[in-house]
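Trainee: Below: one structure in structure tokens.
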Amino acid sequence: MPRVNRTAVLSLLIVSSSVFLLFQLYYYRKYVSKRLEHQTVKNFLALAQRFRLPVFLVDTAALTLLSQDALRQHDWLVRELHCSFLCTGRPITSFALHANQWKYNSGFLLAAEQKGFELLEFRGEDPRLASLDTLSGEEIPLHFLFRLHGYIIQVVFLYERSGNYLWHGALRLRGNMNRNFAPFKQLDYGRDAGVYDRPDLVLTVLDGLDVRVPRNISRFLSEQRHARFLECRYRDARNFLQLYPEDSSPAAVDFRRKVKSLLHLATQTLARLNIPFWLSSGTCLGWFRQCSIISYSRDVDIGIFVVDFRSDIITAFTEAGLTLKHKFGKVEDSLELSFLNDDVKLDIFFFYEEGDIVWNGGTQAKSGRKFKYIFPRFSLCWAELLELKVRVPCETLDYLMANYGASWSVPVRTWDWKSSPSNVQENGVWPLAEWAELIQVY
């Protein structure tokens, strides 16, 4: 019988014991961490309930775990753990509160302090009070960060805007604030201002706690990923209007009314088709330059990525009461639609992505000449125009400079769409045999 190597056995026992001990330490730390995280959330929700603050869960990690597909998989993985959904392994849990439910309650903040919570409060100007005449509104709460046991509870204040949507402000550290208070780069909310449709809420039980969550979680998470909001440049607009006063004639006032009605109709129609659009050309310029529309432009311009084109878009607009004025091009090349409503034209330009650029086409009906307008790539942000929530290119200045050049801030009343834009190029001629199909004027 071979002799047992005592040294090898002892080494094996030491390694096995060490691995088992490390596993126990890992599991213990994870268990303690989850208990502290759960206790922090529990204490906060108890305070919110006591002071009748109807906060609701907006934490993206927690809501992702609540989505249907993830929920089934998650049950198998963590069924044995006590805190399965609110304990996400992140040091932050985010809640939101409708700002009209918040009355500055020193009792709530005092009770939170007595529970051991530390508070870092972020305030800012109320954009709803900003106008072209006064930019100094009262400061409003934007975000509260509560810290306990090293964990952060973020409360995002949501304000109703005139476009019937909810807005939250950006979170900005001021000079005297503690930059080590929280892992700011991990916050779901506050890097930029954001906007949301008002979500329907449902009260449910998560990890033994009563928690309000959005009824349609997938939709809310989708909104959150694309929520970035650009505020109108009120100060620059005021300076512009001092140099170039706004036209207040009855015709201009009537035009603004018609544009608002048309934009509202376009927004509703395209929303039903689930087609995103953005303000383009002169309509985008008016928003960026003067927080309004250009009264002498006489039309509304919007852009749509051609990948979002749907064959029933013309039918949808005509059923909404608009008249098709022209249809140029085809889905594969230089598609453009134009509708008329109450003497105001709606031009829809379809954009094509090619490498690091995007472009839209133009067609001269009488000659068949084609034109191409080239832009740098851009992403989409939300904005507000005429009390409507609309999209604009996030890189608005780059977009406008491509189209209008460095002198975009100077009004130009005489504009030739074939030669005036800085980014226009000749793009050939439509074959004469295809004019009947590709150049349709009504």
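How things are named: the first chain in the structure tokens is A, the next is B, and so on; residues count from 1 in each chain; ligands count from 1 in the order shown.
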What parts of region 288-383 of chain A does DSSP call strand (DSSP E)? I'd like the answer as a PyMOL selection string.

Mentor: chain A and resi 299-305+323-330+333-341+344-354+357-363+369-376+380-383

Trainee: Based on the backbone DSSP call, show me all residues of region 27-62 of chain A assigned helix (DSSP H, G or I), as number ranges by chain.

Mentor: A: 27-50, 60-62

Trainee: Filtering to N, CA, C and O atoms, could you give me those residues as a short mmCIF file (atom, residue, chain, number, x, y, z; two decimals), in the first residue's frame?

Mentor:
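Wrote it out as part-v9.cif, contents follow:
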```cif
data_model
loop_
_atom_site.label_atom_id
_atom_site.label_comp_id
_atom_site.auth_asym_id
_atom_site.auth_seq_id
_atom_site.Cartn_x
_atom_site.Cartn_y
_atom_site.Cartn_z
N TYR A 27 -20.06 35.30 0.57
CA TYR A 27 -21.51 35.17 0.76
C TYR A 27 -21.98 36.04 1.92
O TYR A 27 -23.03 36.68 1.84
N TYR A 28 -21.16 36.11 2.99
CA TYR A 28 -21.54 36.92 4.15
C TYR A 28 -21.58 38.40 3.78
O TYR A 28 -22.52 39.11 4.13
N ARG A 29 -20.55 38.84 3.04
CA ARG A 29 -20.52 40.25 2.62
C ARG A 29 -21.71 40.57 1.72
O ARG A 29 -22.34 41.62 1.85
N LYS A 30 -22.01 39.64 0.82
CA LYS A 30 -23.14 39.85 -0.07
C LYS A 30 -24.44 39.89 0.70
O LYS A 30 -25.32 40.73 0.46
N TYR A 31 -24.55 38.99 1.69
CA TYR A 31 -25.77 38.93 2.49
C TYR A 31 -25.93 40.19 3.32
O TYR A 31 -27.01 40.81 3.35
N VAL A 32 -24.84 40.62 3.98
CA VAL A 32 -24.89 41.84 4.80
C VAL A 32 -25.16 43.05 3.93
O VAL A 32 -25.95 43.93 4.28
N SER A 33 -24.50 43.09 2.75
CA SER A 33 -24.71 44.20 1.84
C SER A 33 -26.16 44.32 1.43
O SER A 33 -26.74 45.41 1.42
N LYS A 34 -26.76 43.19 1.08
CA LYS A 34 -28.17 43.21 0.68
C LYS A 34 -29.07 43.61 1.84
O LYS A 34 -30.05 44.32 1.65
N ARG A 35 -28.76 43.15 3.04
CA ARG A 35 -29.58 43.52 4.19
C ARG A 35 -29.52 45.02 4.44
O ARG A 35 -30.55 45.65 4.72
N LEU A 36 -28.31 45.60 4.34
CA LEU A 36 -28.18 47.04 4.55
C LEU A 36 -28.91 47.82 3.46
O LEU A 36 -29.57 48.82 3.73
N GLU A 37 -28.78 47.35 2.21
CA GLU A 37 -29.45 48.02 1.11
C GLU A 37 -30.96 47.95 1.27
O GLU A 37 -31.68 48.95 1.10
N HIS A 38 -31.44 46.78 1.64
CA HIS A 38 -32.88 46.59 1.85
C HIS A 38 -33.37 47.46 3.01
O HIS A 38 -34.43 48.09 2.93
N GLN A 39 -32.59 47.52 4.08
CA GLN A 39 -32.98 48.31 5.24
C GLN A 39 -33.03 49.79 4.90
O GLN A 39 -33.91 50.53 5.36
N THR A 40 -32.08 50.25 4.08
CA THR A 40 -32.07 51.65 3.66
C THR A 40 -33.32 52.00 2.88
O THR A 40 -33.99 53.01 3.14
N VAL A 41 -33.67 51.16 1.91
CA VAL A 41 -34.87 51.39 1.11
C VAL A 41 -36.11 51.31 2.00
O VAL A 41 -37.03 52.13 1.88
N LYS A 42 -36.12 50.34 2.89
CA LYS A 42 -37.28 50.16 3.79
C LYS A 42 -37.49 51.40 4.66
O LYS A 42 -38.62 51.89 4.82
N ASN A 43 -36.40 51.91 5.24
CA ASN A 43 -36.51 53.10 6.09
C ASN A 43 -37.01 54.31 5.30
O ASN A 43 -37.84 55.09 5.78
N PHE A 44 -36.49 54.46 4.08
CA PHE A 44 -36.92 55.60 3.26
C PHE A 44 -38.40 55.49 2.90
O PHE A 44 -39.15 56.47 3.01
N LEU A 45 -38.84 54.32 2.46
CA LEU A 45 -40.24 54.16 2.07
C LEU A 45 -41.17 54.33 3.26
O LEU A 45 -42.29 54.85 3.12
N ALA A 46 -40.72 53.91 4.44
CA ALA A 46 -41.54 54.12 5.65
C ALA A 46 -41.71 55.60 5.93
O ALA A 46 -42.81 56.06 6.29
N LEU A 47 -40.64 56.37 5.75
CA LEU A 47 -40.74 57.83 5.94
C LEU A 47 -41.66 58.46 4.91
O LEU A 47 -42.49 59.32 5.23
N ALA A 48 -41.51 58.03 3.65
CA ALA A 48 -42.36 58.59 2.59
C ALA A 48 -43.83 58.29 2.85
O ALA A 48 -44.70 59.14 2.66
N GLN A 49 -44.11 57.09 3.31
CA GLN A 49 -45.50 56.72 3.62
C GLN A 49 -46.02 57.51 4.81
O GLN A 49 -47.16 57.99 4.80
N ARG A 50 -45.19 57.69 5.81
CA ARG A 50 -45.59 58.43 7.01
C ARG A 50 -45.96 59.87 6.67
O ARG A 50 -46.94 60.42 7.20
N THR A 60 -33.55 52.12 -12.89
CA THR A 60 -33.54 51.34 -14.12
C THR A 60 -33.15 49.88 -13.88
O THR A 60 -33.70 48.98 -14.52
N ALA A 61 -32.20 49.64 -12.96
CA ALA A 61 -31.79 48.25 -12.69
C ALA A 61 -32.92 47.47 -12.06
O ALA A 61 -33.20 46.33 -12.44
N ALA A 62 -33.60 48.08 -11.08
CA ALA A 62 -34.70 47.39 -10.42
C ALA A 62 -35.87 47.16 -11.38
O ALA A 62 -36.48 46.08 -11.39
#
```

Trainee: Return as JSON lines the residues of region 260-351 of chain A lying at most 9 Å from region 228-233 of chain A, together with the closest atom-to-atom pair for each and the distance in Å to one decimal, counting only C-alpha atoms, with rows in chain order and ascending residue number.

Mentor:
```
{"residue": "A:Trp287", "atom": "CA", "partner": "A:Cys232", "partner_atom": "CA", "distance": 7.2}
{"residue": "A:Phe288", "atom": "CA", "partner": "A:Arg233", "partner_atom": "CA", "distance": 6.8}
{"residue": "A:Arg289", "atom": "CA", "partner": "A:Arg233", "partner_atom": "CA", "distance": 7.6}
{"residue": "A:Gln290", "atom": "CA", "partner": "A:Arg233", "partner_atom": "CA", "distance": 7.8}
{"residue": "A:Cys291", "atom": "CA", "partner": "A:Cys232", "partner_atom": "CA", "distance": 5.9}
```

Trainee: May I ask which of the residues A:Asp200, A:Asp299, A:Tyr189, A:Phe117 is the closest one to His149 (chain A), counting only C-alpha atoms?

Mentor: A:Phe117

Trainee: Between CA of Thr269 (chain A) and CA of Ala316 (chain A), what is the spacing in Å?

Mentor: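 Computing the Euclidean distance for CA of Ala316 (chain A) and CA of Thr269 (chain A) yields 6.6 Å.
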
Trainee: Would you mind listing what lies within 12 Å of Arg225 (chain A) as a ChimeraX atom specification, with only C-alpha atoms counted and same-chain residues fewer than 3 positions away left out?

Mentor: /A:60,188-189,192,194-196,218-222,228-229,380-382

Trainee: Do a neighbour search on Arg310 (chain A) at 10 Å with only C-alpha atoms, toss out local chain neighbours closer than 4 positions, and write the hits as a list of chain:residue names.

Mentor: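 Once the adjacent positions are removed, what remains is A:Leu273, A:Asn274, A:Ile275, A:Val306, A:Ile314, A:Ala316, A:Val331.
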
Trainee: Please, could you write that set of residues out with all heavy atoms as a compact mmCIF listing (two decimals), in the first residue's frame?

Mentor:
```txt
# COMPACT_ATOMS: atom_id res chain seq x y z
N LEU A 273 -48.53 56.10 -35.59
CA LEU A 273 -47.76 55.21 -36.46
C LEU A 273 -46.44 54.77 -35.82
O LEU A 273 -45.70 53.99 -36.43
CB LEU A 273 -47.46 55.93 -37.78
CG LEU A 273 -48.66 56.31 -38.64
CD1 LEU A 273 -48.20 57.12 -39.85
CD2 LEU A 273 -49.42 55.08 -39.09
N ASN A 274 -46.17 55.30 -34.64
CA ASN A 274 -44.91 55.01 -33.94
C ASN A 274 -43.69 55.42 -34.79
O ASN A 274 -42.70 54.69 -34.88
CB ASN A 274 -44.82 53.52 -33.56
CG ASN A 274 -43.77 53.25 -32.51
OD1 ASN A 274 -43.46 54.12 -31.69
ND2 ASN A 274 -43.18 52.07 -32.52
N ILE A 275 -43.80 56.60 -35.40
CA ILE A 275 -42.72 57.14 -36.22
C ILE A 275 -42.15 58.38 -35.53
O ILE A 275 -42.84 59.39 -35.40
CB ILE A 275 -43.23 57.53 -37.62
CG1 ILE A 275 -43.73 56.30 -38.38
CG2 ILE A 275 -42.12 58.22 -38.42
CD1 ILE A 275 -44.30 56.62 -39.76
N VAL A 306 -35.44 57.47 -42.89
CA VAL A 306 -36.17 56.67 -43.86
C VAL A 306 -36.41 55.24 -43.37
O VAL A 306 -37.36 54.58 -43.80
CB VAL A 306 -35.43 56.67 -45.22
CG1 VAL A 306 -34.19 55.77 -45.18
CG2 VAL A 306 -36.37 56.29 -46.35
N ILE A 314 -49.06 58.29 -45.81
CA ILE A 314 -49.87 59.23 -46.59
C ILE A 314 -51.34 59.08 -46.22
O ILE A 314 -52.05 60.08 -46.00
CB ILE A 314 -49.66 59.02 -48.10
CG1 ILE A 314 -48.22 59.39 -48.48
CG2 ILE A 314 -50.66 59.85 -48.90
CD1 ILE A 314 -47.89 59.14 -49.94
N ALA A 316 -52.54 58.01 -43.43
CA ALA A 316 -52.75 58.51 -42.07
C ALA A 316 -52.91 60.02 -42.06
O ALA A 316 -53.77 60.56 -41.36
CB ALA A 316 -51.58 58.09 -41.17
N VAL A 331 -38.68 55.53 -51.69
CA VAL A 331 -38.14 55.16 -50.38
C VAL A 331 -36.63 54.95 -50.46
O VAL A 331 -35.89 55.31 -49.53
CB VAL A 331 -38.84 53.88 -49.84
CG1 VAL A 331 -38.18 53.41 -48.55
CG2 VAL A 331 -40.32 54.15 -49.63
```

Trainee: Which polymer residues have any atom within 9 Å of an atom of Glu353 (chain A), counting only C-alpha atoms, with same-chain residues fewer than 6 positions away left out, as number ranges by chain?

Mentor: A: 305-306, 359, 377

Trainee: Using only C-alpha atoms, which residue out of A:Asp254, A:Asp308, A:Glu434, A:Asp126 lies closest to Pro276 (chain A)?

Mentor: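 Of the candidates, the smallest distance to Pro276 (chain A) is held by A:Asp308.
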
Trainee: Need the shell around Gln186 (chain A): protein/DNA/RNA residues with any atom at most 12 Å away, counting only C-alpha atoms. Skip same-chain ones fewer than 4 positions apart. Format as a list of chain:residue names?

Mentor: A:Asp59, A:Thr60, A:Ala61, A:Gly89, A:Arg90, A:Pro91, A:Ile92, A:Thr93, A:Ser94, A:Ile152, A:Gln154, A:Ala182, A:Gly190, A:Arg191

Trainee: When you draw a straight line from CA of Asp236 (chain A) to CA of Trp167 (chain A), how long is it in Å?

Mentor: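 If I compute the distance from CA of Asp236 (chain A) to CA of Trp167 (chain A), I get 22.0 Å.
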
Trainee: Between CA of Phe277 (chain A) and CA of Ser379 (chain A), what is the spacing in Å?

Mentor: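 Computed distance, CA of Ser379 (chain A) to CA of Phe277 (chain A), equals 11.6 Å.
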
Trainee: Pick out the residues sitting within 12 Å of Arg161 (chain A), and hand them over as a PDB file with N, CA and C atoms, in the first residue's frame; count only C-alpha atoms, and ignore anything fewer than 5 positions along from it in its own chain.

Mentor:
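Below is the file that was written, part-v3.pdb:
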```
ATOM      1  N   HIS A  98     -43.868  63.403  -8.049  1.00  0.00           N
ATOM      2  CA  HIS A  98     -44.492  64.547  -8.698  1.00  0.00           C
ATOM      3  C   HIS A  98     -44.294  65.768  -7.804  1.00  0.00           C
ATOM      4  N   ALA A  99     -43.716  66.804  -8.360  1.00  0.00           N
ATOM      5  CA  ALA A  99     -43.331  67.949  -7.543  1.00  0.00           C
ATOM      6  C   ALA A  99     -44.519  68.621  -6.874  1.00  0.00           C
ATOM      7  N   ASN A 100     -45.704  68.527  -7.477  1.00  0.00           N
ATOM      8  CA  ASN A 100     -46.862  69.160  -6.841  1.00  0.00           C
ATOM      9  C   ASN A 100     -47.296  68.417  -5.578  1.00  0.00           C
ATOM     10  N   ASP A 126     -36.563  77.561 -11.995  1.00  0.00           N
ATOM     11  CA  ASP A 126     -37.764  76.950 -12.554  1.00  0.00           C
ATOM     12  C   ASP A 126     -37.910  77.398 -14.002  1.00  0.00           C
ATOM     13  N   PRO A 127     -37.706  76.504 -14.978  1.00  0.00           N
ATOM     14  CA  PRO A 127     -37.780  76.933 -16.389  1.00  0.00           C
ATOM     15  C   PRO A 127     -39.181  77.344 -16.811  1.00  0.00           C
ATOM     16  N   ARG A 128     -40.196  76.926 -16.050  1.00  0.00           N
ATOM     17  CA  ARG A 128     -41.571  77.306 -16.397  1.00  0.00           C
ATOM     18  C   ARG A 128     -41.811  78.792 -16.169  1.00  0.00           C
ATOM     19  N   LEU A 129     -40.961  79.417 -15.345  1.00  0.00           N
ATOM     20  CA  LEU A 129     -41.100  80.849 -15.085  1.00  0.00           C
ATOM     21  C   LEU A 129     -40.206  81.679 -15.993  1.00  0.00           C
ATOM     22  N   LEU A 166     -43.931  65.548 -18.238  1.00  0.00           N
ATOM     23  CA  LEU A 166     -43.199  65.706 -16.987  1.00  0.00           C
ATOM     24  C   LEU A 166     -41.722  65.963 -17.282  1.00  0.00           C
ATOM     25  N   TRP A 167     -41.142  66.859 -16.513  1.00  0.00           N
ATOM     26  CA  TRP A 167     -39.751  67.289 -16.721  1.00  0.00           C
ATOM     27  C   TRP A 167     -38.980  67.191 -15.419  1.00  0.00           C
ATOM     28  N   HIS A 168     -37.723  66.757 -15.517  1.00  0.00           N
ATOM     29  CA  HIS A 168     -36.814  66.894 -14.373  1.00  0.00           C
ATOM     30  C   HIS A 168     -35.559  67.624 -14.828  1.00  0.00           C
ATOM     31  N   GLY A 169     -34.955  68.324 -13.908  1.00  0.00           N
ATOM     32  CA  GLY A 169     -33.781  69.124 -14.227  1.00  0.00           C
ATOM     33  C   GLY A 169     -32.503  68.327 -14.151  1.00  0.00           C
ATOM     34  N   GLY A 194     -34.475  65.782 -18.379  1.00  0.00           N
ATOM     35  CA  GLY A 194     -35.198  64.733 -19.081  1.00  0.00           C
ATOM     36  C   GLY A 194     -36.693  64.967 -19.032  1.00  0.00           C
ATOM     37  N   VAL A 195     -37.407  64.361 -19.977  1.00  0.00           N
ATOM     38  CA  VAL A 195     -38.865  64.500 -20.022  1.00  0.00           C
ATOM     39  C   VAL A 195     -39.518  63.146 -20.240  1.00  0.00           C
ATOM     40  N   TYR A 196     -40.764  63.034 -19.735  1.00  0.00           N
ATOM     41  CA  TYR A 196     -41.511  61.780 -19.781  1.00  0.00           C
ATOM     42  C   TYR A 196     -42.991  62.081 -19.953  1.00  0.00           C
ATOM     43  N   ASP A 197     -43.673  61.146 -20.594  1.00  0.00           N
ATOM     44  CA  ASP A 197     -45.124  61.172 -20.506  1.00  0.00           C
ATOM     45  C   ASP A 197     -45.510  60.757 -19.095  1.00  0.00           C
ATOM     46  N   ARG A 198     -46.675  61.202 -18.652  1.00  0.00           N
ATOM     47  CA  ARG A 198     -47.094  60.871 -17.294  1.00  0.00           C
ATOM     48  C   ARG A 198     -47.421  59.379 -17.209  1.00  0.00           C
ATOM     49  N   GLU A 231     -33.448  72.696 -23.187  1.00  0.00           N
ATOM     50  CA  GLU A 231     -34.249  73.885 -22.892  1.00  0.00           C
ATOM     51  C   GLU A 231     -34.015  74.924 -23.964  1.00  0.00           C
ATOM     52  N   ALA A 383     -37.497  68.729 -26.920  1.00  0.00           N
ATOM     53  CA  ALA A 383     -37.527  70.169 -26.695  1.00  0.00           C
ATOM     54  C   ALA A 383     -38.992  70.590 -26.644  1.00  0.00           C
ATOM     55  N   GLU A 384     -39.227  71.879 -26.427  1.00  0.00           N
ATOM     56  CA  GLU A 384     -40.593  72.399 -26.423  1.00  0.00           C
ATOM     57  C   GLU A 384     -40.689  73.581 -27.375  1.00  0.00           C
ATOM     58  N   LEU A 385     -41.711  73.540 -28.227  1.00  0.00           N
ATOM     59  CA  LEU A 385     -41.985  74.645 -29.146  1.00  0.00           C
ATOM     60  C   LEU A 385     -43.484  74.871 -29.178  1.00  0.00           C
ATOM     61  N   LEU A 386     -43.902  76.113 -28.953  1.00  0.00           N
ATOM     62  CA  LEU A 386     -45.326  76.466 -28.963  1.00  0.00           C
ATOM     63  C   LEU A 386     -46.119  75.563 -28.019  1.00  0.00           C
ATOM     64  N   GLU A 387     -45.537  75.290 -26.855  1.00  0.00           N
ATOM     65  CA  GLU A 387     -46.162  74.463 -25.816  1.00  0.00           C
ATOM     66  C   GLU A 387     -46.408  73.028 -26.282  1.00  0.00           C
ATOM     67  N   LEU A 388     -45.567  72.568 -27.205  1.00  0.00           N
ATOM     68  CA  LEU A 388     -45.643  71.189 -27.676  1.00  0.00           C
ATOM     69  C   LEU A 388     -44.293  70.511 -27.423  1.00  0.00           C
ATOM     70  N   LYS A 389     -44.339  69.243 -27.018  1.00  0.00           N
ATOM     71  CA  LYS A 389     -43.115  68.462 -26.842  1.00  0.00           C
ATOM     72  C   LYS A 389     -42.726  67.881 -28.194  1.00  0.00           C
TER      73      LYS A 389
END
```

Trainee: Find the residue from A:Lys258, A:Leu432, A:Asp347, A:Tyr442 that sits nearest to Leu324 (chain A); use only C-alpha atoms when measuring.

Mentor: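 Among A:Lys258, A:Leu432, A:Asp347, A:Tyr442, it is A:Tyr442 that comes nearest to Leu324 (chain A).
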